[in-house]
Structures are given as structure tokens and as C-alpha cells.
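Comments concern the structure below.
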Amino acid sequence: MGYIFESLSPTPVSFTIALITASHVCTRWRHIVIGTPSLWTILAIHTTRLPEVFADIVSRSENYCFKLNINLPSLDPGLLSDQGKLEFRATFKTLKRHVERLQTLHVEANNWTFFLIFNRYLYEASFPKLVELYLRQVDPTARRYTLGPVTFNPEVFTKIHLESIMIDCDASCLAGLRTVKLINSSGTFLNQRQLHHSTYPTIPQAPVMANIAKLFIGFTSLAPTIDGFLPSFYPPSLHALALAWISSSSAAAAEANRCLFHHTYSQNLRYLRCHSIDAVSFEIFLSPMKSLPPHSPPRYPFLQRLVLVQVDLKAVNAHVLRSFPQVRSLTLVDLDPDPLLTLLLDTELMPVLHFITVFPAGGHSTMIPRPRPAPVVPPSEALHCTTPL
């Protein structure tokens, strides 16, 4: 019966509620639910008002690794009271006792809550079994805050998402990362010279995050130092890249974006997404494709999926499309497809593409067949088919 309970809703809140409900059906069910530690491995904190309940629930997982979702987007007025402070402290002191079993940590909170969690109760915490870390500071207008320091196990830590926040750790902890997502975060994370190294002042020249295969950069600029930019990742290892919310509002910003596009280029990409890139920046991104000499190897020879969202399609020409000979999936979001449809009449451009998926603003997706040129009738056949006078 324990296996049946494991098939209940996988979301943290509803799953926990379902378990508690099931444990109140009868004595036998309660014994099974509470006595099956694997059931209590998907947990959530949406309030700190009942620390004893959280302590009881997290203890039921015993020695199992568990996933935790902390969702405290607004400052709870109760935290300002003496009782609220005591409950908050008790909740995260309990978490600190079990932090070595965390497998996934997902936190959405404001700056003040992040400060209390990571710089008071989880300060210098070690996460030896953490696989995935998701941190989202919910107020994008607030000052970007740096948490930590903390420690990860590079043998298991493979995925990180940082939104409007940064985290402090030794660079060696990041060696196993395969997926990195930075939104309104700091480009120092991608600069080898700006990471913390235990070997300082000696900085390793080889990238510490050499295994990154998926990289998402949104509203985040690279951060060169006086000595220049040294990537902390290995571009040829990238198989998926997303570039979003990029603007060249000044000459300095345009140069920073040129640096970003240069250092994130990989001919081994299979997936590429360009999202909300202004006209100047998009032209900078396309310029290496437009300047390729005739008969040069394509810039993205292995790319299979291309997604374009709110970019200037009029800047795309035949030279650009020749850079994507293996694209099988082309998705356009909030864009008029006509400029591309005209170019795709040339069957030598994107030769394996058959359909285009279009998502209009506020509408449903449609599949548009690739346009085909009208068949050319040889002169001899045309003459044979004419109606005699």
C-alpha cells in the first residue's frame, strides 16, 4: 500500500496534504503512511508559523534524501513579533539539522528572508547531497544580494538557477555543473577570474565549470576584469544556449554584448533560443553569420532546434539561414513569419525544415508548412501542352 501512496500528486504542498489526509483515514493507513519514510521526501515551507509540524514531517523521512520547496515571497508581518521570530528561527534550525540530506532546494523569497535563511541559519552550510539549487528573489528592483558562503559537493551538484540573486562558494564546488541559468544575476559567475578559488592568488586557467551543457543567460552581462574575461565554462561543451532580455543601449553595453555572444558561441549547439534581444544586439549576434565567406562551413552545423522570440526578423537574410543546415524545428513567438517564409522559398536554406511553429501574441500555436517554390515547367513541355489553334 505504501507504493500506492507514492503515486499520489508529486507537487510538494498537495502531496503533503494528501499524505496527512490519508494518515487520518484509519489506524492501519496511518501506520503505513507514517512508517514509510520514502513518502516524506517531497516537502514544502509556505509558512513558519508551525515549526513543530515541519520538524515532525521532516523527521519522518528518516535517512532518506528529500526535496524542499520554500515559498515565502512576501515578508510575513508575524516575523516582526517576538513570537514570529522564535517560530522562524525554530523552523530553519530544524532545516539546518537535516540540510545534509537535501537533494533539491527551491527557494522563492524576498531579500530579507533570503538574508535570514542563508546568512544567519544556513551560514557556511554544507550541502553534500544537493543535486539542484533554485533561488529566485521575487523583487527584481531590489538590490542584488549575495548569499553564503556555502559548500556543495561537485560530484553530485549539477544544476543551478539564480534569479535576481547571487551565491558565494568556492569555485571547486561548481565543477560538476551541467545546467546553469542566470536571470538578472551577476556575470561574475561566468568569469574565472572573479570566482573564489582556494588557490588564490593563483587562478586556474582551465575552466572550473567545464561540463556545462545547458546555459541560459537573461538580463545578465559578463563582467570582465582589468585582465580581461576568462570563461569559467568550456564553450564547446555547450549543447543548449538561451540568450534573453539583451539590450545595447550604449556603446559600452554593445561591447559587453559582443563579448557575451563571442564567449558563448559553440558550433556543437543542438538548441538555441534568442529571446527579446533588441535590434542592435541582434545585429551584433548575426554579424558573424553574415560575414562568412561563400562556401564556408556553417556556423551552427549541428543545431536542430531554433527558437526566436521578439527579435527583428528583417535582419535575417540568406547568409544567416545557411548557418543552420540541420534545423528541424523552428519556433517563432510574437513574430510575423512572412520575412522568413519568403527566404525559405529557396530549398537550399534549412533543407530539412518542413514546418514552422508560430505563437502569436495572446493566441494559440499554429503549424505553418514550409513554402515551396512553384514547379518550373521545361520549355519543351510547355510547348507540347499548348492548345492548338
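Naming works like this for the C-alpha cells: A, B, ... for the chains as they're shown, residue 1 at the start of each chain, ligands 1 onward in shown order.
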
*Could you pull the residues within 12 Å of range 283-287 of chain A, counting only C-alpha atoms, minus those fewer than 5 positions along the same chain, as JSON, numbers by chain?*
{"A": [243, 246, 247, 248, 253, 254, 255, 256, 257, 258, 259, 260, 261, 262, 263, 264, 265, 274, 277, 278, 292, 299, 300, 311, 312, 313, 314, 315, 316, 317, 318, 319, 320, 321, 322, 323]}

What would the file look like if the residues just selected were written as a compact mmCIF listing (two decimals), in the first residue's frame with N, CA, C and O atoms?
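So again17.txt came out as:
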# COMPACT_ATOMS: atom_id res chain seq x y z
N LEU A 243 19.66 33.00 -24.84
CA LEU A 243 20.08 34.38 -24.59
C LEU A 243 18.83 35.24 -24.57
O LEU A 243 18.06 35.25 -25.54
N ILE A 246 18.31 41.15 -23.80
CA ILE A 246 19.61 41.76 -24.04
C ILE A 246 19.41 43.06 -24.80
O ILE A 246 18.73 43.11 -25.82
N SER A 247 20.03 44.12 -24.28
CA SER A 247 19.88 45.44 -24.88
C SER A 247 21.23 46.12 -25.02
O SER A 247 22.09 46.00 -24.14
N SER A 248 21.41 46.81 -26.14
CA SER A 248 22.63 47.58 -26.36
C SER A 248 22.26 49.07 -26.36
O SER A 248 22.25 49.74 -27.39
N ALA A 253 27.47 48.92 -23.49
CA ALA A 253 26.59 47.76 -23.44
C ALA A 253 26.73 46.93 -24.71
O ALA A 253 26.72 45.69 -24.66
N ALA A 254 26.87 47.59 -25.85
CA ALA A 254 27.04 46.86 -27.11
C ALA A 254 28.33 46.05 -27.10
O ALA A 254 28.37 44.91 -27.55
N GLU A 255 29.40 46.64 -26.55
CA GLU A 255 30.66 45.92 -26.47
C GLU A 255 30.57 44.74 -25.50
O GLU A 255 31.11 43.65 -25.76
N ALA A 256 29.85 44.94 -24.39
CA ALA A 256 29.66 43.83 -23.44
C ALA A 256 28.87 42.70 -24.07
O ALA A 256 29.17 41.51 -23.86
N ASN A 257 27.87 43.03 -24.89
CA ASN A 257 27.07 42.01 -25.56
C ASN A 257 27.88 41.29 -26.63
O ASN A 257 27.72 40.09 -26.84
N ARG A 258 28.75 42.04 -27.31
CA ARG A 258 29.64 41.40 -28.29
C ARG A 258 30.53 40.36 -27.60
O ARG A 258 30.75 39.27 -28.10
N CYS A 259 31.00 40.71 -26.41
CA CYS A 259 31.80 39.78 -25.62
C CYS A 259 30.97 38.56 -25.21
O CYS A 259 31.43 37.42 -25.27
N LEU A 260 29.73 38.81 -24.80
CA LEU A 260 28.84 37.72 -24.40
C LEU A 260 28.61 36.76 -25.56
O LEU A 260 28.73 35.53 -25.40
N PHE A 261 28.27 37.28 -26.73
CA PHE A 261 27.99 36.42 -27.88
C PHE A 261 29.24 35.64 -28.31
O PHE A 261 29.15 34.48 -28.71
N HIS A 262 30.39 36.31 -28.21
CA HIS A 262 31.63 35.65 -28.62
C HIS A 262 31.96 34.47 -27.70
O HIS A 262 32.30 33.37 -28.17
N HIS A 263 31.86 34.69 -26.41
CA HIS A 263 32.30 33.65 -25.47
C HIS A 263 31.27 32.54 -25.28
O HIS A 263 31.63 31.47 -24.74
N THR A 264 30.02 32.76 -25.68
CA THR A 264 29.02 31.69 -25.54
C THR A 264 28.79 30.95 -26.86
O THR A 264 27.95 30.04 -26.92
N TYR A 265 29.56 31.31 -27.89
CA TYR A 265 29.40 30.60 -29.17
C TYR A 265 29.96 29.19 -29.09
O TYR A 265 31.04 28.95 -28.56
N CYS A 274 16.80 32.72 -28.84
CA CYS A 274 17.06 34.15 -28.76
C CYS A 274 15.76 34.83 -28.36
O CYS A 274 14.78 34.79 -29.12
N ILE A 277 15.79 40.23 -27.74
CA ILE A 277 17.09 40.86 -27.99
C ILE A 277 16.83 42.06 -28.90
O ILE A 277 16.23 41.91 -29.97
N ASP A 278 17.25 43.24 -28.49
CA ASP A 278 16.94 44.43 -29.28
C ASP A 278 17.67 44.40 -30.61
O ASP A 278 18.55 43.58 -30.85
N LEU A 292 30.42 35.51 -43.15
CA LEU A 292 31.10 34.28 -43.58
C LEU A 292 31.35 34.31 -45.08
O LEU A 292 30.44 34.61 -45.86
N ARG A 299 27.99 27.98 -39.51
CA ARG A 299 28.38 28.37 -38.15
C ARG A 299 27.76 27.45 -37.10
O ARG A 299 28.38 27.20 -36.06
N TYR A 300 26.58 26.93 -37.37
CA TYR A 300 25.91 26.02 -36.42
C TYR A 300 25.56 24.72 -37.15
O TYR A 300 24.39 24.45 -37.44
N VAL A 311 12.36 39.25 -31.74
CA VAL A 311 13.59 39.76 -32.33
C VAL A 311 13.25 40.36 -33.70
O VAL A 311 12.13 40.23 -34.19
N ASP A 312 14.22 41.00 -34.31
CA ASP A 312 14.00 41.66 -35.61
C ASP A 312 14.25 40.66 -36.74
O ASP A 312 15.39 40.46 -37.17
N LEU A 313 13.17 40.03 -37.23
CA LEU A 313 13.33 39.03 -38.29
C LEU A 313 13.80 39.64 -39.60
O LEU A 313 14.37 38.94 -40.43
N LYS A 314 13.57 40.94 -39.77
CA LYS A 314 14.01 41.57 -41.02
C LYS A 314 15.53 41.60 -41.12
O LYS A 314 16.09 41.80 -42.21
N ALA A 315 16.22 41.41 -40.00
CA ALA A 315 17.69 41.38 -40.02
C ALA A 315 18.22 40.04 -40.50
O ALA A 315 19.41 39.90 -40.78
N VAL A 316 17.36 39.03 -40.59
CA VAL A 316 17.78 37.70 -41.02
C VAL A 316 17.78 37.64 -42.54
O VAL A 316 16.80 38.00 -43.19
N ASN A 317 18.90 37.17 -43.10
CA ASN A 317 18.98 37.02 -44.55
C ASN A 317 19.42 35.61 -44.91
O ASN A 317 19.56 34.74 -44.04
N ALA A 318 19.65 35.37 -46.18
CA ALA A 318 20.02 34.02 -46.64
C ALA A 318 21.33 33.56 -46.03
O ALA A 318 21.49 32.36 -45.72
N HIS A 319 22.29 34.47 -45.82
CA HIS A 319 23.57 34.09 -45.20
C HIS A 319 23.34 33.54 -43.79
O HIS A 319 24.00 32.57 -43.38
N VAL A 320 22.40 34.14 -43.08
CA VAL A 320 22.11 33.67 -41.72
C VAL A 320 21.50 32.27 -41.77
O VAL A 320 21.90 31.37 -41.03
N LEU A 321 20.52 32.06 -42.64
CA LEU A 321 19.85 30.76 -42.69
C LEU A 321 20.79 29.64 -43.13
O LEU A 321 20.59 28.48 -42.77
N ARG A 322 21.82 29.98 -43.91
CA ARG A 322 22.79 28.95 -44.31
C ARG A 322 23.60 28.44 -43.12
O ARG A 322 24.26 27.41 -43.21
N SER A 323 23.56 29.17 -42.02
CA SER A 323 24.30 28.74 -40.82
C SER A 323 23.60 27.61 -40.08
O SER A 323 24.15 27.07 -39.13

*asked:* For Pro128 in chain A, find every residue with an atom within 12 Å (counting only C-alpha atoms), except residues of its own chain fewer than 5 positions away, and show them as a PyMOL selection string.
replied: chain A and resi 65+98-104+150-157+173

Those same residues, written as an mmCIF file, in the first residue's frame with N, CA and C atoms?
data_model
loop_
_atom_site.group_PDB
_atom_site.id
_atom_site.type_symbol
_atom_site.label_atom_id
_atom_site.label_comp_id
_atom_site.auth_asym_id
_atom_site.auth_seq_id
_atom_site.Cartn_x
_atom_site.Cartn_y
_atom_site.Cartn_z
ATOM 1 N N CYS A 65 17.104 11.059 1.410
ATOM 2 C CA CYS A 65 17.275 12.412 0.866
ATOM 3 C C CYS A 65 15.891 12.978 0.541
ATOM 4 N N HIS A 98 18.974 18.957 9.178
ATOM 5 C CA HIS A 98 18.724 17.956 8.137
ATOM 6 C C HIS A 98 19.290 18.373 6.781
ATOM 7 N N VAL A 99 20.028 19.481 6.728
ATOM 8 C CA VAL A 99 20.450 20.040 5.451
ATOM 9 C C VAL A 99 21.361 19.096 4.669
ATOM 10 N N GLU A 100 22.052 18.217 5.353
ATOM 11 C CA GLU A 100 22.952 17.287 4.662
ATOM 12 C C GLU A 100 22.194 16.235 3.861
ATOM 13 N N ARG A 101 20.874 16.148 4.057
ATOM 14 C CA ARG A 101 20.083 15.193 3.291
ATOM 15 C C ARG A 101 19.337 15.843 2.128
ATOM 16 N N LEU A 102 19.468 17.165 1.981
ATOM 17 C CA LEU A 102 18.748 17.858 0.913
ATOM 18 C C LEU A 102 19.247 17.421 -0.460
ATOM 19 N N GLN A 103 18.307 17.079 -1.329
ATOM 20 C CA GLN A 103 18.650 16.696 -2.706
ATOM 21 C C GLN A 103 18.308 17.810 -3.691
ATOM 22 N N THR A 104 17.182 18.477 -3.453
ATOM 23 C CA THR A 104 16.758 19.615 -4.270
ATOM 24 C C THR A 104 16.272 20.719 -3.345
ATOM 25 N N VAL A 150 28.539 29.053 1.093
ATOM 26 C CA VAL A 150 28.033 27.700 1.284
ATOM 27 C C VAL A 150 28.954 26.749 0.531
ATOM 28 N N THR A 151 28.747 25.451 0.751
ATOM 29 C CA THR A 151 29.600 24.437 0.115
ATOM 30 C C THR A 151 28.732 23.377 -0.541
ATOM 31 N N PHE A 152 29.093 23.006 -1.769
ATOM 32 C CA PHE A 152 28.408 21.935 -2.494
ATOM 33 C C PHE A 152 29.389 20.807 -2.792
ATOM 34 N N ASN A 153 28.826 19.645 -3.063
ATOM 35 C CA ASN A 153 29.636 18.503 -3.464
ATOM 36 C C ASN A 153 29.673 18.445 -4.988
ATOM 37 N N PRO A 154 30.806 18.727 -5.622
ATOM 38 C CA PRO A 154 30.847 18.778 -7.088
ATOM 39 C C PRO A 154 30.547 17.446 -7.758
ATOM 40 N N GLU A 155 30.600 16.351 -7.013
ATOM 41 C CA GLU A 155 30.314 15.048 -7.606
ATOM 42 C C GLU A 155 28.826 14.829 -7.833
ATOM 43 N N VAL A 156 27.963 15.602 -7.136
ATOM 44 C CA VAL A 156 26.521 15.419 -7.309
ATOM 45 C C VAL A 156 25.803 16.704 -7.703
ATOM 46 N N PHE A 157 26.392 17.875 -7.451
ATOM 47 C CA PHE A 157 25.738 19.157 -7.710
ATOM 48 C C PHE A 157 25.830 19.470 -9.203
ATOM 49 N N CYS A 173 33.479 23.876 -5.999
ATOM 50 C CA CYS A 173 32.156 23.284 -5.757
ATOM 51 C C CYS A 173 31.311 23.224 -7.023
#

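Close contacts of Thr347 in chain A, defined as residues with an atom at most 10 Å away when counting only C-alpha atoms, with chain neighbours fewer than 5 positions off set aside, comprise Val352, Leu353, Arg370, Pro371, Arg372 and Pro373 of chain A.
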
*as an NGL selection string, which residues of range 94-314 of chain A does DSSP assign to strand (DSSP E or B)?*
:A and (102-109 or 126-127 or 132-137 or 145-147 or 151-152 or 159-163 or 165-167 or 170 or 179-183 or 187 or 191 or 196 or 209 or 214-218 or 222 or 225 or 228 or 231 or 233 or 240-246 or 271-277 or 305-309)

_Taking only range 149-359 of chain A into account, list the residues labelled helix (DSSP H, G or I) by DSSP (computed from the backbone), as number ranges by chain._
A: 171-174, 188-190, 192-194, 235-237, 251-263, 279-290, 313-315, 318-321, 338-343

Using N, CA and C atoms, can you export the residues from the last selection as a compact mmCIF listing (two decimals), in the first residue's frame?
# COMPACT_ATOMS: atom_id res chain seq x y z
N ALA A 171 35.05 27.99 -6.09
CA ALA A 171 34.85 27.57 -7.47
C ALA A 171 34.88 26.06 -7.64
N SER A 172 35.64 25.37 -6.81
CA SER A 172 35.75 23.92 -6.95
C SER A 172 34.40 23.22 -6.73
N CYS A 173 33.48 23.88 -6.00
CA CYS A 173 32.16 23.28 -5.76
C CYS A 173 31.31 23.22 -7.02
N LEU A 174 31.70 23.98 -8.05
CA LEU A 174 30.89 24.12 -9.26
C LEU A 174 31.34 23.21 -10.39
N THR A 188 29.74 37.69 -12.94
CA THR A 188 30.96 37.21 -12.29
C THR A 188 30.98 35.69 -12.18
N PHE A 189 29.79 35.10 -12.18
CA PHE A 189 29.68 33.64 -12.09
C PHE A 189 30.33 32.96 -13.29
N LEU A 190 30.40 33.67 -14.42
CA LEU A 190 30.93 33.10 -15.65
C LEU A 190 32.36 33.51 -15.93
N GLN A 192 36.12 33.30 -14.76
CA GLN A 192 37.03 32.51 -13.92
C GLN A 192 37.81 33.39 -12.94
N ARG A 193 38.12 34.60 -13.37
CA ARG A 193 38.94 35.49 -12.54
C ARG A 193 38.15 36.11 -11.39
N GLN A 194 36.83 36.01 -11.41
CA GLN A 194 36.03 36.63 -10.37
C GLN A 194 35.38 35.61 -9.43
N PRO A 235 33.06 26.56 -23.76
CA PRO A 235 32.03 26.73 -24.79
C PRO A 235 31.78 25.50 -25.68
N PRO A 236 32.80 24.75 -26.11
CA PRO A 236 32.50 23.59 -26.96
C PRO A 236 31.62 22.53 -26.29
N SER A 237 31.52 22.55 -24.95
CA SER A 237 30.68 21.56 -24.27
C SER A 237 29.21 21.95 -24.29
N ALA A 251 27.24 52.34 -26.08
CA ALA A 251 28.39 51.70 -26.73
C ALA A 251 29.03 50.67 -25.81
N ALA A 252 29.07 50.96 -24.51
CA ALA A 252 29.65 50.01 -23.55
C ALA A 252 28.81 48.75 -23.47
N ALA A 253 27.47 48.92 -23.49
CA ALA A 253 26.59 47.76 -23.44
C ALA A 253 26.73 46.93 -24.71
N ALA A 254 26.87 47.59 -25.85
CA ALA A 254 27.04 46.86 -27.11
C ALA A 254 28.33 46.05 -27.10
N GLU A 255 29.40 46.64 -26.55
CA GLU A 255 30.66 45.92 -26.47
C GLU A 255 30.57 44.74 -25.50
N ALA A 256 29.85 44.94 -24.39
CA ALA A 256 29.66 43.83 -23.44
C ALA A 256 28.87 42.70 -24.07
N ASN A 257 27.87 43.03 -24.89
CA ASN A 257 27.07 42.01 -25.56
C ASN A 257 27.88 41.29 -26.63
N ARG A 258 28.75 42.04 -27.31
CA ARG A 258 29.64 41.40 -28.29
C ARG A 258 30.53 40.36 -27.60
N CYS A 259 31.00 40.71 -26.41
CA CYS A 259 31.80 39.78 -25.62
C CYS A 259 30.97 38.56 -25.21
N LEU A 260 29.73 38.81 -24.80
CA LEU A 260 28.84 37.72 -24.40
C LEU A 260 28.61 36.76 -25.56
N PHE A 261 28.27 37.28 -26.73
CA PHE A 261 27.99 36.42 -27.88
C PHE A 261 29.24 35.64 -28.31
N HIS A 262 30.39 36.31 -28.21
CA HIS A 262 31.63 35.65 -28.62
C HIS A 262 31.96 34.47 -27.70
N HIS A 263 31.86 34.69 -26.41
CA HIS A 263 32.30 33.65 -25.47
C HIS A 263 31.27 32.54 -25.28
N ALA A 279 17.25 45.31 -31.52
CA ALA A 279 17.73 45.27 -32.91
C ALA A 279 19.25 45.39 -33.00
N VAL A 280 19.84 46.29 -32.22
CA VAL A 280 21.30 46.49 -32.29
C VAL A 280 22.02 45.23 -31.81
N SER A 281 21.58 44.67 -30.71
CA SER A 281 22.22 43.47 -30.17
C SER A 281 22.03 42.28 -31.10
N PHE A 282 20.84 42.16 -31.70
CA PHE A 282 20.58 41.03 -32.60
C PHE A 282 21.46 41.12 -33.84
N GLU A 283 21.69 42.34 -34.30
CA GLU A 283 22.58 42.52 -35.45
C GLU A 283 24.00 42.12 -35.09
N ILE A 284 24.43 42.44 -33.87
CA ILE A 284 25.75 42.01 -33.40
C ILE A 284 25.83 40.49 -33.36
N PHE A 285 24.75 39.86 -32.90
CA PHE A 285 24.72 38.40 -32.82
C PHE A 285 24.79 37.76 -34.22
N LEU A 286 24.10 38.37 -35.20
CA LEU A 286 24.04 37.81 -36.54
C LEU A 286 25.27 38.11 -37.40
N SER A 287 26.03 39.14 -37.03
CA SER A 287 27.11 39.62 -37.91
C SER A 287 28.14 38.54 -38.27
N PRO A 288 28.55 37.64 -37.36
CA PRO A 288 29.49 36.60 -37.79
C PRO A 288 28.92 35.68 -38.87
N MET A 289 27.61 35.47 -38.88
CA MET A 289 27.00 34.63 -39.91
C MET A 289 26.94 35.37 -41.24
N LYS A 290 26.65 36.68 -41.17
CA LYS A 290 26.54 37.46 -42.40
C LYS A 290 27.89 37.69 -43.06
N LEU A 313 13.17 40.03 -37.23
CA LEU A 313 13.33 39.03 -38.29
C LEU A 313 13.80 39.64 -39.60
N LYS A 314 13.57 40.94 -39.77
CA LYS A 314 14.01 41.57 -41.02
C LYS A 314 15.53 41.60 -41.12
N ALA A 315 16.22 41.41 -40.00
CA ALA A 315 17.69 41.38 -40.02
C ALA A 315 18.22 40.04 -40.50
N ALA A 318 19.65 35.37 -46.18
CA ALA A 318 20.02 34.02 -46.64
C ALA A 318 21.33 33.56 -46.03
N HIS A 319 22.29 34.47 -45.82
CA HIS A 319 23.57 34.09 -45.20
C HIS A 319 23.34 33.54 -43.79
N VAL A 320 22.40 34.14 -43.08
CA VAL A 320 22.11 33.67 -41.72
C VAL A 320 21.50 32.27 -41.77
N LEU A 321 20.52 32.06 -42.64
CA LEU A 321 19.85 30.76 -42.69
C LEU A 321 20.79 29.64 -43.13
N ASP A 338 6.38 36.19 -42.11
CA ASP A 338 6.49 36.45 -43.55
C ASP A 338 7.92 36.67 -44.04
N PRO A 339 8.77 37.46 -43.33
CA PRO A 339 10.14 37.63 -43.84
C PRO A 339 10.90 36.31 -43.99
N LEU A 340 10.68 35.38 -43.08
CA LEU A 340 11.36 34.09 -43.19
C LEU A 340 10.73 33.22 -44.26
N LEU A 341 9.42 33.26 -44.38
CA LEU A 341 8.75 32.43 -45.38
C LEU A 341 9.23 32.77 -46.79
N THR A 342 9.46 34.05 -47.02
CA THR A 342 9.97 34.46 -48.34
C THR A 342 11.35 33.87 -48.60
N LEU A 343 12.23 33.93 -47.59
CA LEU A 343 13.58 33.39 -47.73
C LEU A 343 13.55 31.87 -47.91

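The protein and nucleic acid residues lying at most 9 Å from Phe114 in chain A are Val107, Glu108, Gln137, Tyr145 and Leu147 of chain A, with only C-alpha atoms considered and sequence neighbours fewer than 6 positions away removed.
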
Output N, CA, C and O atoms for every residue in the selection just made, as a PDB file, in the first residue's frame.
ATOM      1  N   VAL A 107      13.885  27.849  -3.617  1.00  0.00           N
ATOM      2  CA  VAL A 107      13.516  28.948  -2.718  1.00  0.00           C
ATOM      3  C   VAL A 107      13.049  30.144  -3.542  1.00  0.00           C
ATOM      4  O   VAL A 107      13.765  30.611  -4.429  1.00  0.00           O
ATOM      5  N   GLU A 108      11.857  30.651  -3.227  1.00  0.00           N
ATOM      6  CA  GLU A 108      11.361  31.912  -3.774  1.00  0.00           C
ATOM      7  C   GLU A 108      11.030  32.805  -2.584  1.00  0.00           C
ATOM      8  O   GLU A 108      10.147  32.482  -1.784  1.00  0.00           O
ATOM      9  N   GLN A 137      14.839  35.571  -6.174  1.00  0.00           N
ATOM     10  CA  GLN A 137      14.498  36.733  -5.353  1.00  0.00           C
ATOM     11  C   GLN A 137      13.345  37.437  -6.064  1.00  0.00           C
ATOM     12  O   GLN A 137      13.477  37.847  -7.214  1.00  0.00           O
ATOM     13  N   TYR A 145      21.497  40.605  -4.025  1.00  0.00           N
ATOM     14  CA  TYR A 145      22.146  40.205  -2.784  1.00  0.00           C
ATOM     15  C   TYR A 145      22.970  38.938  -3.008  1.00  0.00           C
ATOM     16  O   TYR A 145      22.605  38.071  -3.786  1.00  0.00           O
ATOM     17  N   LEU A 147      24.471  35.565  -1.293  1.00  0.00           N
ATOM     18  CA  LEU A 147      24.282  34.675  -0.160  1.00  0.00           C
ATOM     19  C   LEU A 147      25.545  33.879   0.122  1.00  0.00           C
ATOM     20  O   LEU A 147      26.381  33.670  -0.743  1.00  0.00           O
TER      21      LEU A 147
END
